[in-house]
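**Student:** Just dropping this structure here.
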Amino acid sequence: MLPILFLIPLLLSTTSHASNQDYCVADLTASDTPAGYPCKPAANVTSSDFIYTGLSEPGKLNALIGAAVTPAFVGQFPGVNGLSLSAARLDLGSGGVVPLHSHPGASELLIVKSGHITAGFVDSANSVYIATVKTGELFVFPQGLLHFQVAAGKKGAVAFVVFSSTSPGLQILDFALFASNFSTPLIAKTTFLDPALIKKLKGVLGGSG
């Protein structure tokens, strides 16, 4: 029984701030840590810390992908600090796409508000799961797996997403390859893509090498 008692402080130290108290509104004047931001003093917490209005308006579509993602992460919404969740708004124009990407720190729940979105992910066994998600329907992307969203049909779409972390992280596959200084010969060697195509994509996305 004694070894178990010794484990209790260790287990408590690895949980979020909010696991040990009702909430922990982020003090954004301090530095972020692996456990999240320090808590704002309770005397300074107000109702406004628990509401965020930044997802009420459409985001400005990126000309290249025809999409906009507006985050409500801890940096924008301090009230989610320590609660292991955050959100974002996704606006897709006609033909808009969020390219293959992953969130190393979170699973993602997609909730379609209007329009239709073709969504899918690739698992670690290289099985592909794709569905066209309609208004009011949900689709889940497991943590860390490559996934995408594409506007289906002639109209655009709007969705909200919920993440299982206040800071889910993001890596977009195309940008990692073609917007970086990853050398063309090494990309060709590791992906089997033609060097001419790689250079063309680097020209579009601003990569070098």
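Lettering and numbering for the structure tokens are positional, with chains as A, B, ... in the shown order, residues counted from 1 in each chain, and ligands counted from 1 in the shown order.
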Tell me which protein, DNA and RNA residues are within 9 Å of Lys60 in chain A, counting only C-alpha atoms, leaving out same-chain ones fewer than 4 positions away, and put them as a PyMOL selection string.
**Tutor:** chain A and resi 67-70+91
**Student:** Pick out each residue of chain A that DSSP on the backbone tags as helix (DSSP H, G or I); I need them as an NGL selection string.
**Tutor:** :A and (2-13 or 17-19 or 42-44 or 47-50 or 78-80 or 173-178 or 184-191 or 195-205)
**Student:** Please identify every residue of range 139-204 of chain A that has at least one atom no farther than 8 Å from an atom of range 119-129 of chain A, counting only C-alpha atoms, and for each give the shortest atom pair and the distance in Å to one decimal, arranged by chain then increasing number, as a tab-separated table.
**Tutor:**
```
residue	atom	partner	partner_atom	distance
A:Phe139	CA	A:Ala119	CA	7.6
A:Phe141	CA	A:Phe121	CA	6.7
A:Leu145	CA	A:Asp123	CA	6.1
A:Leu146	CA	A:Phe121	CA	5.6
A:His147	CA	A:Phe121	CA	4.0
A:Phe148	CA	A:Ala119	CA	5.7
A:Gln149	CA	A:Ala119	CA	4.5
A:Val150	CA	A:Ala119	CA	6.4
```
**Student:** Between A:Leu55, A:Leu193, A:Pro71, A:Asn81, which residue has the minimum interatomic distance to Tyr23 in chain A, considering only C-alpha atoms?
**Tutor:**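 Answer, going by the shortest atom-to-atom distance: A:Asn81.
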**Student:** Choose the residue, out of A:Arg89, A:Lys189, A:His103, A:Lys199, that has the smallest atom-to-atom separation from Thr166 in chain A; count only C-alpha atoms.
**Tutor:**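 Closest candidate: A:His103.
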**Student:** Using Å and a single decimal, report how far CA of Ser86 in chain A sits from CA of Ser47 in chain A.
**Tutor:**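 It comes out at 17.7 Å.
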**Student:** Got a sec: who's within 10 Å of range 156-163 of chain A, counting only C-alpha atoms, leaving out chain neighbours fewer than 4 positions off, as number ranges by chain?
**Tutor:** A: 55, 58, 66-73, 84-96, 103, 105-117, 134-141, 143, 150-152, 167-168
**Student:** For CA of Asn181 in chain A and CA of Leu205 in chain A, quote the distance in Å rounded to one decimal.
**Tutor:**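 Between CA of Asn181 in chain A and CA of Leu205 in chain A the gap is 11.3 Å.
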**Student:** If you measure from CA of Leu28 in chain A to CA of Pro41 in chain A, what distance in Å do you get, rounded to one decimal?
**Tutor:** 11.8 Å
**Student:** Point out the residue among A:Ala30, A:Val204, A:Ala176, A:Val97 with the least atom-to-atom distance to Leu61 in chain A, counting only C-alpha atoms.
**Tutor:**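 The answer is A:Val97, which sits nearest to Leu61 in chain A.
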**Student:** Nearest to Cys24 in chain A among A:Ile51, A:Ala63, A:Pro142, A:Gly79, with distances taken over only C-alpha atoms: which residue is it?
**Tutor:**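 Ranking A:Ile51, A:Ala63, A:Pro142, A:Gly79 by distance to Cys24 in chain A, first place goes to A:Gly79.
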**Student:** Just list as number ranges by chain whatever in chain A DSSP marks as strand (DSSP E).
**Tutor:** A: 67-72, 86-92, 97-102, 108-114, 116-122, 128-133, 138-141, 146-152, 157-163, 171-172
**Student:** Take the residues from that selection and write them out as a CSV table (one decimal), in the first residue's frame, keeping C-alpha atoms.
**Tutor:**
```
chain,number,residue,atom,x,y,z
A,67,ALA,CA,-10.4,28.7,-46.5
A,68,ALA,CA,-10.1,30.5,-43.2
A,69,VAL,CA,-9.5,29.0,-39.7
A,70,THR,CA,-10.2,31.3,-36.8
A,71,PRO,CA,-8.9,29.9,-33.5
A,72,ALA,CA,-10.2,30.1,-30.0
A,86,SER,CA,-10.4,24.6,-27.3
A,87,ALA,CA,-12.3,25.5,-30.5
A,88,ALA,CA,-12.0,27.1,-33.9
A,89,ARG,CA,-14.2,28.3,-36.8
A,90,LEU,CA,-13.7,26.9,-40.3
A,91,ASP,CA,-14.9,28.9,-43.3
A,92,LEU,CA,-14.7,27.3,-46.7
A,97,VAL,CA,-9.8,23.1,-48.9
A,98,VAL,CA,-7.8,22.6,-45.7
A,99,PRO,CA,-4.9,20.5,-47.0
A,100,LEU,CA,-3.6,17.3,-45.3
A,101,HIS,CA,-2.4,18.3,-41.8
A,102,SER,CA,-2.2,16.9,-38.3
A,108,GLU,CA,-10.6,17.1,-33.3
A,109,LEU,CA,-14.4,17.1,-33.5
A,110,LEU,CA,-15.9,18.8,-36.7
A,111,ILE,CA,-19.4,20.2,-36.4
A,112,VAL,CA,-20.9,21.4,-39.7
A,113,LYS,CA,-23.0,24.6,-39.3
A,114,SER,CA,-23.9,25.1,-43.0
A,116,HIS,CA,-21.4,20.1,-46.9
A,117,ILE,CA,-17.8,19.2,-46.1
A,118,THR,CA,-15.9,16.2,-47.4
A,119,ALA,CA,-13.7,15.2,-44.5
A,120,GLY,CA,-11.3,12.3,-43.9
A,121,PHE,CA,-8.2,11.0,-42.3
A,122,VAL,CA,-5.5,8.3,-42.8
A,128,VAL,CA,-8.5,6.0,-45.4
A,129,TYR,CA,-11.8,7.1,-43.8
A,130,ILE,CA,-13.8,9.7,-45.8
A,131,ALA,CA,-17.4,11.0,-45.4
A,132,THR,CA,-19.4,14.0,-46.7
A,133,VAL,CA,-20.6,15.7,-43.6
A,138,LEU,CA,-20.3,15.6,-36.8
A,139,PHE,CA,-17.0,13.9,-37.8
A,140,VAL,CA,-14.1,13.1,-35.5
A,141,PHE,CA,-10.4,13.1,-36.3
A,146,LEU,CA,-3.3,13.3,-41.2
A,147,HIS,CA,-6.7,14.7,-42.1
A,148,PHE,CA,-8.4,17.2,-44.4
A,149,GLN,CA,-11.6,19.1,-45.1
A,150,VAL,CA,-12.9,20.1,-48.6
A,151,ALA,CA,-16.0,22.1,-49.4
A,152,ALA,CA,-18.4,19.7,-51.1
A,157,ALA,CA,-19.5,25.7,-45.9
A,158,VAL,CA,-19.1,26.8,-42.3
A,159,ALA,CA,-18.1,24.5,-39.4
A,160,PHE,CA,-16.9,24.7,-35.8
A,161,VAL,CA,-14.3,22.4,-34.5
A,162,VAL,CA,-13.5,21.4,-30.9
A,163,PHE,CA,-10.1,20.1,-29.9
A,171,GLN,CA,1.6,20.8,-39.1
A,172,ILE,CA,0.4,21.1,-42.7
```
